[in-house]
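Participant: Just passing along the structure, written as structure tokens.
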Amino acid sequence: MSTAPDLPAPGGDEVDRIVAAWRNQRSDLDVEPLEVLSRVSRLARHLDRARAAAFTEHGLESWEFDVLAALRRAGAPYELSPGQLVTQTLVTSGTMTNRVDRLTGRGLVERLPDPRDRRGVIVRLTAEGLRTVDDAFAGLLERERDLLGGLAAEERAQLAALLRRLVSPFDAGT
């Protein structure tokens, strides 16, 4: 015979309901990790949607923004080698070649001969690519700011520090 799940405390959220139900059904397990990581997972879904909306608003796919943003962060003249782009975007060289081809076709980047290596190329943002990535980035920040709107500045700083500590061991392995 099944019992009704425990109800979350007033003011609780969906994760509180899920955790209470698991505690009711599996009291032998410590479900405390769900309290943090289920919220992180749910927030990631909201973030993915917000990012997709920001990029769509500017005519970009997520992967296009990743490549353009890597070039933009490089600073003027906004260029990197394909190998540097592979390192920064964590894709294979074949995937990057395809991405650069597509961005070149859209007029957002151009391939130039590498002045330091005749066999190599450099990928550079065009003026249109620079405008597009700058506009998309501003739109992204606006949407991300909205996601964090329920937190005070001090709380955002605390959360950033805690997440940095949590993610740091994973980043060290990449």
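All residue names refer to the structure tokens as shown: chains lettered A, B, ... in order, residues numbered from 1 in each chain, ligands numbered from 1 in order.
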Give me the residues near Asp117 of chain A as a ChimeraX atom specification, where near means some atom within 12 Å (using only C-alpha atoms) and where sequence neighbours in that chain fewer than 5 positions away do not count.
Facilitator: /A:81,112,122
Participant: I'd like the neighbourhood of segment 91-102 of chain A as an mmCIF file with N, CA, C and O atoms, in the first residue's frame, where a residue qualifies if any of its atoms comes within 10 Å (using only C-alpha atoms), though same-chain residues fewer than 5 positions away should be ignored.
Facilitator:
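File written: result38.cif
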data_model
loop_
_atom_site.group_PDB
_atom_site.id
_atom_site.type_symbol
_atom_site.label_atom_id
_atom_site.label_comp_id
_atom_site.auth_asym_id
_atom_site.auth_seq_id
_atom_site.Cartn_x
_atom_site.Cartn_y
_atom_site.Cartn_z
ATOM 1 N N TRP A 63 26.011 27.018 -31.138
ATOM 2 C CA TRP A 63 27.382 26.735 -31.561
ATOM 3 C C TRP A 63 27.984 27.916 -32.318
ATOM 4 O O TRP A 63 29.187 28.158 -32.212
ATOM 5 N N GLU A 64 27.148 28.644 -33.073
ATOM 6 C CA GLU A 64 27.657 29.821 -33.788
ATOM 7 C C GLU A 64 28.109 30.881 -32.797
ATOM 8 O O GLU A 64 29.170 31.492 -32.963
ATOM 9 N N VAL A 67 31.579 30.013 -31.253
ATOM 10 C CA VAL A 67 32.733 30.313 -32.101
ATOM 11 C C VAL A 67 32.951 31.822 -32.191
ATOM 12 O O VAL A 67 34.079 32.310 -32.007
ATOM 13 N N LEU A 68 31.884 32.560 -32.451
ATOM 14 C CA LEU A 68 32.009 34.021 -32.561
ATOM 15 C C LEU A 68 32.487 34.631 -31.248
ATOM 16 O O LEU A 68 33.319 35.555 -31.242
ATOM 17 N N PRO A 82 42.399 27.869 -36.219
ATOM 18 C CA PRO A 82 41.395 26.823 -36.016
ATOM 19 C C PRO A 82 41.714 25.954 -34.793
ATOM 20 O O PRO A 82 40.804 25.560 -34.059
ATOM 21 N N GLY A 83 42.986 25.671 -34.552
ATOM 22 C CA GLY A 83 43.366 24.883 -33.378
ATOM 23 C C GLY A 83 42.996 25.569 -32.073
ATOM 24 O O GLY A 83 42.544 24.920 -31.121
ATOM 25 N N LEU A 85 40.541 27.679 -31.733
ATOM 26 C CA LEU A 85 39.080 27.601 -31.653
ATOM 27 C C LEU A 85 38.634 26.226 -31.161
ATOM 28 O O LEU A 85 37.705 26.125 -30.354
ATOM 29 N N VAL A 86 39.308 25.179 -31.616
ATOM 30 C CA VAL A 86 38.994 23.821 -31.160
ATOM 31 C C VAL A 86 39.192 23.730 -29.648
ATOM 32 O O VAL A 86 38.343 23.208 -28.921
ATOM 33 N N GLY A 107 29.008 35.097 -43.824
ATOM 34 C CA GLY A 107 29.694 36.391 -43.795
ATOM 35 C C GLY A 107 30.045 36.866 -42.396
ATOM 36 O O GLY A 107 30.326 38.048 -42.193
ATOM 37 N N LEU A 108 30.060 35.950 -41.423
ATOM 38 C CA LEU A 108 30.349 36.335 -40.040
ATOM 39 C C LEU A 108 31.829 36.187 -39.689
ATOM 40 O O LEU A 108 32.309 36.836 -38.754
ATOM 41 N N VAL A 109 32.526 35.323 -40.403
ATOM 42 C CA VAL A 109 33.973 35.172 -40.226
ATOM 43 C C VAL A 109 34.609 35.058 -41.604
ATOM 44 O O VAL A 109 33.937 34.806 -42.609
ATOM 45 N N GLU A 110 35.921 35.247 -41.625
ATOM 46 C CA GLU A 110 36.684 35.046 -42.851
ATOM 47 C C GLU A 110 37.939 34.265 -42.523
ATOM 48 O O GLU A 110 38.434 34.318 -41.405
ATOM 49 N N ARG A 111 38.398 33.515 -43.507
ATOM 50 C CA ARG A 111 39.658 32.781 -43.383
ATOM 51 C C ARG A 111 40.733 33.610 -44.061
ATOM 52 O O ARG A 111 40.554 34.062 -45.180
ATOM 53 N N VAL A 123 41.266 32.466 -38.534
ATOM 54 C CA VAL A 123 39.841 32.767 -38.642
ATOM 55 C C VAL A 123 39.621 34.105 -37.939
ATOM 56 O O VAL A 123 40.023 34.275 -36.789
ATOM 57 N N ARG A 124 38.991 35.038 -38.657
ATOM 58 C CA ARG A 124 38.785 36.388 -38.112
ATOM 59 C C ARG A 124 37.321 36.783 -38.234
ATOM 60 O O ARG A 124 36.671 36.491 -39.235
#
Participant: Which residue is closest to Gly105 of chain A? Choose from A:Thr126, A:Glu155, A:Ala138, A:Val121 and count only C-alpha atoms.
Facilitator: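 Residue with the minimum atom-to-atom distance to Gly105 of chain A: A:Thr126.
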Participant: What parts of segment 72-144 of chain A does DSSP call strand (DSSP E or B)? I'd like the answer as a list in words.
Facilitator: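 Strand (DSSP E or B) members of segment 72-144 of chain A, listed: Glu79, Leu80, Val109, Glu110, Arg111, Leu112, Pro113, Asp114, Asp117, Arg118, Arg119, Gly120, Val121, Ile122, Val123, Arg124 and Leu125 of chain A.
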Participant: Could you state the separation of atom CA of Ala76 of chain A and atom CA of Glu144 of chain A in Å, given to one decimal place?
Facilitator: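 Distance between the two atoms: 25.9 Å.
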Participant: Extract, using only C-alpha atoms, all DNA, RNA and protein residues at most 10 Å from Arg39 of chain A, discarding same-chain residues fewer than 5 positions from it, and format them as a list of chain:residue names.
Facilitator: A:Asp13, A:Glu14, A:Val15, A:Asp16, A:Pro33, A:Leu34, A:Ala44, A:Arg45
Participant: Put those residues in a file: N, CA, C and O atoms, as a PDB file, in the first residue's frame.
Facilitator:
ATOM      1  N   ASP A  13       9.469  24.512  -3.245  1.00  0.00           N
ATOM      2  CA  ASP A  13       9.407  24.424  -4.694  1.00  0.00           C
ATOM      3  C   ASP A  13       9.211  22.974  -5.126  1.00  0.00           C
ATOM      4  O   ASP A  13       9.018  22.087  -4.292  1.00  0.00           O
ATOM      5  N   GLU A  14       9.247  22.729  -6.407  1.00  0.00           N
ATOM      6  CA  GLU A  14       9.042  21.387  -6.948  1.00  0.00           C
ATOM      7  C   GLU A  14      10.106  20.425  -6.439  1.00  0.00           C
ATOM      8  O   GLU A  14       9.810  19.258  -6.179  1.00  0.00           O
ATOM      9  N   VAL A  15      11.332  20.882  -6.285  1.00  0.00           N
ATOM     10  CA  VAL A  15      12.390  20.005  -5.772  1.00  0.00           C
ATOM     11  C   VAL A  15      12.070  19.587  -4.336  1.00  0.00           C
ATOM     12  O   VAL A  15      12.288  18.427  -3.973  1.00  0.00           O
ATOM     13  N   ASP A  16      11.550  20.494  -3.530  1.00  0.00           N
ATOM     14  CA  ASP A  16      11.151  20.118  -2.169  1.00  0.00           C
ATOM     15  C   ASP A  16      10.126  18.983  -2.205  1.00  0.00           C
ATOM     16  O   ASP A  16      10.191  18.049  -1.411  1.00  0.00           O
ATOM     17  N   PRO A  33      21.724  15.176  -1.710  1.00  0.00           N
ATOM     18  CA  PRO A  33      22.289  15.733  -2.953  1.00  0.00           C
ATOM     19  C   PRO A  33      21.226  16.265  -3.916  1.00  0.00           C
ATOM     20  O   PRO A  33      21.480  17.219  -4.656  1.00  0.00           O
ATOM     21  N   LEU A  34      20.036  15.672  -3.885  1.00  0.00           N
ATOM     22  CA  LEU A  34      18.966  16.152  -4.753  1.00  0.00           C
ATOM     23  C   LEU A  34      18.603  17.609  -4.477  1.00  0.00           C
ATOM     24  O   LEU A  34      18.200  18.327  -5.389  1.00  0.00           O
ATOM     25  N   ALA A  44      19.669  24.799 -15.128  1.00  0.00           N
ATOM     26  CA  ALA A  44      20.367  24.623 -16.408  1.00  0.00           C
ATOM     27  C   ALA A  44      19.369  24.567 -17.561  1.00  0.00           C
ATOM     28  O   ALA A  44      19.627  25.123 -18.638  1.00  0.00           O
ATOM     29  N   ARG A  45      18.236  23.901 -17.360  1.00  0.00           N
ATOM     30  CA  ARG A  45      17.216  23.857 -18.414  1.00  0.00           C
ATOM     31  C   ARG A  45      16.663  25.252 -18.706  1.00  0.00           C
ATOM     32  O   ARG A  45      16.487  25.620 -19.865  1.00  0.00           O
TER      33      ARG A  45
END
Participant: What's the 12 Å shell around Glu142 of chain A, counting only C-alpha atoms, without same-chain residues fewer than 2 positions away, as a list of chain:residue names?
Facilitator: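 Listed by chain and then number, they are A:Leu47, A:Ala50, A:Arg51, A:Ala53, A:Ala54, A:Phe55, A:Asp135, A:Ala136, A:Phe137, A:Ala138, A:Gly139, A:Leu140, A:Glu144, A:Arg145, A:Asp146, A:Leu147, A:Leu148, A:Gly149.
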Participant: Go through A:Arg165, A:Arg156, A:Val40, A:Leu130 and flag the residue nearest Leu71 of chain A, using only C-alpha atoms for the distances.
Facilitator: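 Selected residue with least distance to Leu71 of chain A: A:Leu130.
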Participant: Taking only segment 20-118 of chain A into account, list the residues labelled alpha helix (DSSP H) by DSSP (computed from the backbone), as a ChimeraX atom specification.
Facilitator: /A:20-25,32-57,62-73,82-89,93-105
